[in-house]
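Shown next: entry.csv, given as CSV, C-alpha atoms and all ligand atoms.
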chain,number,residue,atom,x,y,z
A,1,MET,CA,-54.6,-35.1,-147.8
A,2,LEU,CA,-57.2,-32.9,-149.6
A,3,ILE,CA,-54.7,-30.1,-149.8
A,4,LEU,CA,-52.1,-32.4,-151.2
A,5,PHE,CA,-54.6,-33.7,-153.7
A,6,PHE,CA,-55.6,-30.2,-154.9
A,7,GLU,CA,-52.0,-29.1,-155.0
A,8,ALA,CA,-51.2,-32.1,-157.2
A,9,ILE,CA,-54.2,-32.0,-159.5
A,10,VAL,CA,-55.8,-28.6,-159.6
A,11,TYR,CA,-52.9,-26.2,-158.8
A,12,ARG,CA,-50.5,-28.0,-161.1
A,13,ASN,CA,-53.3,-28.9,-163.5
A,14,CYS,CA,-51.9,-32.4,-164.0
A,15,TRP,CA,-54.5,-35.2,-164.1
A,16,ALA,CA,-51.8,-37.8,-164.5
A,17,ARG,CA,-50.9,-37.0,-160.9
A,18,CYS,CA,-54.4,-38.1,-159.8
A,19,PHE,CA,-53.6,-41.7,-160.5
A,20,TYR,CA,-50.2,-41.4,-159.0
A,21,PHE,CA,-51.7,-39.7,-155.9
A,22,ILE,CA,-54.2,-42.6,-155.3
A,23,PHE,CA,-51.5,-45.2,-156.0
A,24,ASN,CA,-49.1,-43.5,-153.6
A,25,CYS,CA,-51.8,-43.4,-150.8
A,26,CYS,CA,-52.6,-47.1,-151.3
A,27,TYR,CA,-48.9,-47.9,-151.2
A,28,ARG,CA,-48.3,-46.0,-148.0
A,29,ALA,CA,-51.2,-47.7,-146.3
A,30,THR,CA,-49.9,-51.1,-147.3
A,31,SER,CA,-46.4,-50.3,-146.1
A,32,ARG,CA,-47.7,-49.2,-142.7
A,33,GLN,CA,-49.6,-52.5,-142.4
A,34,LEU,CA,-46.4,-54.4,-143.2
A,35,GLU,CA,-44.5,-52.5,-140.6
A,36,ASP,CA,-47.1,-53.2,-137.9
A,37,GLY,CA,-47.4,-56.8,-139.1
A,38,TYR,CA,-51.1,-56.6,-139.8
A,39,GLY,CA,-51.2,-57.1,-143.5
A,40,ASP,CA,-52.2,-60.7,-143.9
A,41,LEU,CA,-50.3,-61.6,-147.0
A,42,PRO,CA,-51.1,-64.9,-148.8
A,43,ALA,CA,-48.9,-67.6,-147.5
A,44,ASN,CA,-46.8,-68.2,-150.6
A,45,SER,CA,-46.9,-64.8,-152.2
A,46,SER,CA,-43.1,-64.4,-152.0
A,47,ASP,CA,-40.2,-65.3,-154.1
A,48,ALA,CA,-39.9,-68.9,-155.3
A,49,GLU,CA,-37.3,-70.9,-153.4
A,50,VAL,CA,-36.0,-74.4,-153.5
A,51,LYS,CA,-37.1,-76.4,-150.4
A,52,ASP,CA,-35.8,-79.7,-149.1
A,53,ASP,CA,-38.1,-82.7,-149.3
A,54,ASP,CA,-38.3,-83.0,-145.5
A,55,VAL,CA,-39.2,-79.3,-145.3
A,56,MET,CA,-42.0,-79.8,-147.8
A,57,ALA,CA,-43.2,-82.9,-146.0
A,58,GLU,CA,-43.4,-81.0,-142.7
A,59,GLU,CA,-45.3,-78.2,-144.4
A,60,LYS,CA,-47.8,-80.7,-145.7
A,61,ARG,CA,-48.1,-82.5,-142.3
A,62,VAL,CA,-48.7,-79.2,-140.5
A,63,ALA,CA,-51.2,-77.9,-143.1
A,64,ALA,CA,-53.2,-81.1,-142.9
A,65,ALA,CA,-53.4,-81.1,-139.1
A,66,LYS,CA,-56.0,-79.2,-137.1
A,67,PRO,CA,-54.7,-76.7,-134.5
A,68,LYS,CA,-56.1,-78.9,-131.7
A,69,GLU,CA,-54.3,-81.9,-132.9
A,70,MET,CA,-50.9,-80.3,-132.6
A,71,PRO,CA,-49.7,-78.8,-129.2
A,72,VAL,CA,-47.6,-76.2,-131.1
A,73,ARG,CA,-48.5,-75.5,-134.7
A,74,VAL,CA,-46.8,-73.0,-136.9
A,75,ASN,CA,-48.3,-72.8,-140.3
A,76,GLN,CA,-46.7,-70.8,-143.1
A,77,LEU,CA,-45.5,-68.1,-140.7
A,78,LYS,CA,-44.3,-65.0,-142.4
A,79,LYS,CA,-42.9,-61.8,-141.0
A,80,VAL,CA,-42.0,-58.7,-143.0
A,81,PHE,CA,-40.4,-55.7,-141.4
A,82,LYS,CA,-40.4,-52.3,-143.0
A,83,THR,CA,-36.9,-51.1,-142.9
A,84,GLY,CA,-37.0,-48.0,-144.9
A,85,LEU,CA,-39.2,-45.7,-147.0
A,86,CYS,CA,-39.6,-48.3,-149.8
A,87,LYS,CA,-37.7,-51.2,-148.2
A,88,ASN,CA,-39.1,-54.3,-146.6
A,89,LEU,CA,-37.2,-57.1,-145.0
A,90,THR,CA,-38.6,-60.6,-145.0
A,91,ALA,CA,-37.3,-62.0,-141.6
A,92,VAL,CA,-39.4,-65.2,-141.7
A,93,ASN,CA,-40.5,-66.6,-145.0
A,94,ASN,CA,-43.4,-69.1,-144.8
A,95,VAL,CA,-42.0,-71.3,-142.0
A,96,SER,CA,-44.0,-74.4,-140.9
A,97,PHE,CA,-43.4,-76.8,-138.1
A,98,GLY,CA,-45.5,-78.8,-135.7
A,99,LEU,CA,-44.5,-80.0,-132.3
A,100,GLU,CA,-45.9,-83.0,-130.4
A,101,THR,CA,-46.2,-83.6,-126.7
A,102,GLY,CA,-42.9,-84.5,-125.0
A,103,GLU,CA,-40.9,-83.5,-128.0
A,104,CYS,CA,-37.6,-81.6,-127.7
A,105,PHE,CA,-37.3,-79.2,-130.7
A,106,ALA,CA,-34.3,-77.0,-131.7
A,107,LEU,CA,-34.5,-74.2,-134.1
A,108,LEU,CA,-31.1,-73.7,-135.8
A,109,GLY,CA,-30.0,-71.0,-138.2
A,110,VAL,CA,-27.3,-68.5,-138.9
A,111,ASN,CA,-27.4,-65.1,-137.3
A,112,GLY,CA,-30.3,-63.1,-138.6
A,113,ALA,CA,-32.1,-66.2,-139.9
A,114,GLY,CA,-35.3,-65.3,-138.0
A,115,LYS,CA,-35.2,-67.6,-135.0
A,116,THR,CA,-36.0,-64.9,-132.5
A,117,THR,CA,-38.7,-63.5,-134.7
A,118,VAL,CA,-40.3,-67.0,-134.8
A,119,PHE,CA,-40.3,-67.1,-131.0
A,120,LYS,CA,-41.6,-63.6,-130.8
A,121,SER,CA,-44.5,-64.7,-132.9
A,122,LEU,CA,-45.1,-67.7,-130.6
A,123,THR,CA,-45.2,-65.4,-127.6
A,124,ASN,CA,-47.3,-62.7,-129.2
A,125,ASP,CA,-44.4,-60.2,-128.9
A,126,THR,CA,-44.7,-59.5,-132.6
A,127,VAL,CA,-47.7,-59.8,-135.0
A,128,PRO,CA,-47.0,-62.1,-138.0
A,129,THR,CA,-47.5,-60.7,-141.5
A,130,GLY,CA,-48.9,-64.0,-142.6
A,131,GLY,CA,-49.6,-67.5,-141.6
A,132,ARG,CA,-51.0,-68.8,-138.3
A,133,VAL,CA,-49.5,-69.9,-135.0
A,134,SER,CA,-51.4,-71.9,-132.4
A,135,ILE,CA,-50.5,-73.4,-129.0
A,136,GLY,CA,-52.7,-76.0,-127.4
A,137,GLY,CA,-55.2,-75.4,-130.1
A,138,TRP,CA,-55.5,-71.7,-129.3
A,139,ASP,CA,-54.6,-69.2,-132.0
A,140,VAL,CA,-51.9,-67.0,-130.5
A,141,GLN,CA,-53.1,-63.8,-132.2
A,142,ARG,CA,-56.7,-64.2,-131.3
A,143,TRP,CA,-56.7,-66.1,-128.0
A,144,PHE,CA,-53.3,-65.3,-126.5
A,145,GLY,CA,-54.8,-65.3,-123.0
A,146,PHE,CA,-55.5,-69.0,-123.3
A,147,ALA,CA,-52.4,-69.9,-125.2
A,148,ARG,CA,-50.2,-68.1,-122.6
A,149,LYS,CA,-51.4,-70.4,-119.8
A,150,ARG,CA,-49.8,-73.3,-121.7
A,151,ILE,CA,-46.4,-71.9,-122.2
A,152,GLY,CA,-43.3,-70.9,-120.3
A,153,TYR,CA,-40.7,-68.9,-122.1
A,154,CYS,CA,-37.0,-68.5,-121.3
A,155,PRO,CA,-35.6,-65.8,-123.5
A,156,GLN,CA,-32.0,-65.3,-124.6
A,157,HIS,CA,-31.3,-62.8,-121.8
A,158,ASN,CA,-32.1,-63.5,-118.2
A,159,THR,CA,-35.3,-61.8,-117.1
A,160,ILE,CA,-34.9,-62.3,-113.4
A,161,PHE,CA,-34.9,-59.5,-110.8
A,162,GLU,CA,-31.4,-59.4,-109.5
A,163,GLN,CA,-32.2,-57.7,-106.2
A,164,LEU,CA,-34.9,-60.1,-105.2
A,165,SER,CA,-34.1,-63.5,-103.7
A,166,VAL,CA,-34.6,-66.8,-105.6
A,167,ILE,CA,-37.8,-67.5,-103.7
A,168,GLU,CA,-39.1,-64.0,-104.2
A,169,ASN,CA,-38.5,-64.2,-107.9
A,170,LEU,CA,-40.5,-67.4,-108.1
A,171,TYR,CA,-43.4,-66.1,-106.1
A,172,LEU,CA,-43.5,-63.0,-108.3
A,173,PHE,CA,-43.5,-64.9,-111.5
A,174,ALA,CA,-46.1,-67.3,-110.2
A,175,ARG,CA,-48.4,-64.4,-109.5
A,176,ILE,CA,-47.7,-62.8,-112.8
A,177,LYS,CA,-48.5,-66.1,-114.5
A,178,GLY,CA,-51.8,-66.3,-112.5
A,179,VAL,CA,-51.0,-69.4,-110.4
A,180,LYS,CA,-53.7,-69.7,-107.7
A,181,TRP,CA,-52.6,-68.8,-104.2
A,182,THR,CA,-53.7,-72.2,-103.0
A,183,VAL,CA,-51.0,-74.0,-105.0
A,184,ARG,CA,-48.4,-71.3,-105.3
A,185,LYS,CA,-46.3,-72.3,-102.2
A,186,SER,CA,-46.1,-75.9,-103.2
A,187,LEU,CA,-45.3,-75.1,-106.8
A,188,VAL,CA,-42.5,-72.7,-105.7
A,189,ASN,CA,-41.0,-75.3,-103.3
A,190,ARG,CA,-41.2,-78.1,-105.9
A,191,THR,CA,-39.6,-75.9,-108.5
A,192,ILE,CA,-36.7,-75.0,-106.2
A,193,GLU,CA,-36.1,-78.7,-105.4
A,194,LYS,CA,-36.4,-79.7,-109.1
A,195,MET,CA,-33.9,-77.1,-110.1
A,196,ASN,CA,-31.6,-78.0,-107.2
A,197,LEU,CA,-31.6,-74.4,-105.9
A,198,GLN,CA,-32.4,-75.3,-102.2
A,199,ASP,CA,-29.0,-73.9,-101.0
A,200,HIS,CA,-29.6,-70.6,-102.8
A,201,LYS,CA,-33.3,-69.9,-102.2
A,202,TYR,CA,-32.8,-66.9,-99.9
A,203,LYS,CA,-29.8,-65.5,-101.9
A,204,GLU,CA,-30.2,-62.4,-104.1
A,205,ALA,CA,-30.7,-63.6,-107.6
A,206,GLY,CA,-27.9,-61.3,-108.9
A,207,THR,CA,-25.3,-63.2,-106.8
A,208,LEU,CA,-26.0,-66.6,-108.4
A,209,SER,CA,-23.7,-68.2,-110.8
A,210,GLY,CA,-24.5,-67.9,-114.5
A,211,GLY,CA,-25.9,-71.5,-114.7
A,212,ASN,CA,-28.1,-71.1,-111.6
A,213,LYS,CA,-29.4,-67.8,-113.0
A,214,ARG,CA,-30.5,-69.7,-116.1
A,215,LYS,CA,-32.2,-72.3,-114.0
A,216,LEU,CA,-34.0,-69.7,-112.1
A,301,LIG,N1,-38.0,-54.9,-135.2
A,301,LIG,C1,-37.3,-55.1,-136.4
A,301,LIG,N2,-37.2,-54.3,-137.4
A,301,LIG,C2,-36.6,-54.5,-138.5
A,301,LIG,N3,-35.9,-55.6,-138.7
A,301,LIG,C3,-35.8,-56.5,-137.7
A,301,LIG,C4,-36.5,-56.3,-136.5
A,301,LIG,N4,-36.3,-57.4,-135.7
A,301,LIG,C5,-35.5,-58.3,-136.4
A,301,LIG,N5,-35.2,-57.7,-137.6
A,301,LIG,C6,-34.4,-58.3,-138.7
A,301,LIG,O1,-35.0,-59.6,-139.0
A,301,LIG,C7,-34.0,-60.6,-139.3
A,301,LIG,C8,-34.1,-61.8,-138.4
A,301,LIG,O2,-33.8,-61.4,-137.0
A,301,LIG,P1,-33.8,-62.4,-135.8
A,301,LIG,O3,-33.5,-61.6,-134.6
A,301,LIG,O4,-35.2,-63.1,-135.8
A,301,LIG,O5,-32.7,-63.4,-136.2
A,301,LIG,P2,-32.1,-64.6,-135.3
A,301,LIG,O6,-32.1,-65.8,-136.2
A,301,LIG,O7,-32.7,-64.6,-134.0
A,301,LIG,O8,-30.5,-64.1,-135.2
A,301,LIG,P3,-29.4,-64.4,-134.0
A,301,LIG,O9,-28.9,-65.8,-134.3
A,301,LIG,O10,-28.4,-63.4,-134.3
A,301,LIG,O11,-30.1,-64.2,-132.7
A,301,LIG,C9,-32.7,-59.8,-139.1
A,301,LIG,O12,-32.2,-59.4,-140.4
A,301,LIG,C10,-33.0,-58.6,-138.3
A,301,LIG,O13,-32.2,-57.5,-138.5
A,302,MG,MG,-31.9,-64.4,-131.9
What would you get if you wrote out this structure as structure tokens?
Ligand SMILES: Nc1ncnc2c1ncn2[C@@H]1O[C@H](COP(=O)(O)OP(=O)(O)OP(=O)(O)O)[C@@H](O)[C@H]1O
Ligand SMILES: [Mg+2]
Amino acid sequence: MLILFFEAIVYRNCWARCFYFIFNCCYRATSRQLEDGYGDLPANSSDAEVKDDDVMAEEKRVAAAKPKEMPVRVNQLKKVFKTGLCKNLTAVNNVSFGLETGECFALLGVNGAGKTTVFKSLTNDTVPTGGRVSIGGWDVQRWFGFARKRIGYCPQHNTIFEQLSVIENLYLFARIKGVKWTVRKSLVNRTIEKMNLQDHKYKEAGTLSGGNKRKL
């Protein structure tokens, strides 16, 4: 960096470049933060947009609630990806929603609207650029270990191990999830019954029908 600095200012004798050099360094540092998702932008720093009344009402409701009062709380979530040297892409722009216990919630949007990015933020797969996400009162970015115990996640593509049997898959995921060995067996059996997979429990997961794979 020093070499670049001297090259710009001393060698070419151009003090105007000094300001440019400092500005350029700051800009690059900010871009890298955006790419990694660490730059905590203010919630509504972005372009003005027209929002529906119910969207604004939900924003207010979420902002007024404490994380502990809402089982799932997404407050002004923002995600900006760096897509080129000077290009950023806002994938999620200040989204807020709060889910209550027992509620069934669907996130709809056109392709590329940012749904998967929202779920990635909920599961700590990506770091938001702004806003806060909490599950069961635990901030996902700071206390993911605690938040993780309260969630199950079924992604768009099946994540089962096709060469393992149904029951082996369940034992494996129970262990990964940290289910105590004392309750593991009963939980696996109960899950098989609940999902109506009794006839398939010793079959290789890869041989199941599409629907049964999703259940698994
Ligand atoms: N890692 C990444 N780097 C750069 N851009 C990304 C990255 N991940 C997603 N995007 C962009 O962010 C936007 C939102 O993507 P996302 O996958 O969240 O959309 P989606 O609503 O899930 O779409 P679909 O309905 O097609 O699954 C898209 O424009 C996508 O190209
Ligand atoms: Mg998606």
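A straight line drawn from CA of Gln163 (chain A) to CA of Phe119 (chain A) is 27.7 Å long.
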For Val118 (chain A), list every protein, DNA or RNA residue within 9 Å, evaluated using only C-alpha atoms, and leave out those in the same chain fewer than 2 positions away; present the list as number ranges by chain.
-> A: 77-79, 91-92, 95, 114-116, 120-123, 126, 128
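CA of Arg190 (chain A) lies 20.7 Å from CA of Ser209 (chain A).
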Between A:Val50, A:Ile192, A:Val74, A:Leu107, which one has atoms that come closest to Asn94 (chain A), using all atoms listed in the file?
->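 Result for the nearest residue to Asn94 (chain A): A:Val74.
In this comparison, which uses only C-alpha atoms, the residue of A:Thr101, A:Ile160, A:Arg148, A:Thr90 approaching Ala113 (chain A) most closely is A:Thr90.
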Pick from A:Ala57, A:Leu108, A:Val188, A:Ile151 nearest to ligand MG 302 (chain A), counting only C-alpha atoms and all ligand atoms =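 Looking only at the distances to ligand MG 302 (chain A), the closest residue turns out to be A:Leu108.
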Within 10 Å of Thr191 (chain A), counting all atoms listed in the file, which residues show up once you throw out same-chain ones fewer than 6 positions away? Write them as a ChimeraX atom specification, please.
-> /A:167,170,185,197-198,215-216
Please list as a PDB file with C-alpha atoms, in the coordinates of the input every residue within 12 Å of Glu49 (chain A), counting only C-alpha atoms and excluding residues in the same chain fewer than 5 positions away.
ATOM      1  CA  ASN A  44     -46.800 -68.200-150.600  1.00  0.00           C
ATOM      2  CA  VAL A  55     -39.200 -79.300-145.300  1.00  0.00           C
ATOM      3  CA  MET A  56     -42.000 -79.800-147.800  1.00  0.00           C
ATOM      4  CA  ASN A  93     -40.500 -66.600-145.000  1.00  0.00           C
ATOM      5  CA  ASN A  94     -43.400 -69.100-144.800  1.00  0.00           C
TER       6      ASN A  94
END
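Within 12 Å of the point (-52.4, -62.9, -120.6), and counting all atoms listed in the file, the protein, DNA and RNA residues are Thr123, Asn124, Asp125, Val140, Gln141, Arg142, Trp143, Phe144, Gly145, Phe146, Ala147, Arg148, Lys149, Arg150, Ile151, Arg175, Ile176, Lys177 and Gly178 of chain A.
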Between A:Ala106, A:Thr117, A:Ser96, A:Pro71, which has the minimum distance to ligand MG 302 (chain A) (counting only C-alpha atoms and all ligand atoms)?
->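 Of A:Ala106, A:Thr117, A:Ser96, A:Pro71, the one nearest ligand MG 302 (chain A), counting only C-alpha atoms and all ligand atoms, is A:Thr117.
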Provide the CA of Arg73 (chain A) to CA of Asp54 (chain A) distance in Å, to one decimal place.
->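 Interatomic distance, CA of Arg73 (chain A) to CA of Asp54 (chain A): 16.6 Å.
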Do you know which residues are at most 12 Å from Glu103 (chain A) counting all atoms listed in the file, after dropping those on the same chain fewer than 3 positions away, and could you put them as a PyMOL selection string?
-> chain A and resi 70-72+98-100+106
For Asn169 (chain A), which residue among A:Ala205, A:Ala65, A:Val183, A:Cys154 is the nearest when counting all atoms listed in the file?
->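 Under the stated criterion, the closest residue is A:Ala205.
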Return the single residue from A:Asn88, A:Thr129, A:Ser165, A:Gln156 that is closest to ligand MG 302 (chain A), with distances computed using all atoms listed in the file.
->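 Looking at the shortest contact to ligand MG 302 (chain A), the residue is A:Gln156.
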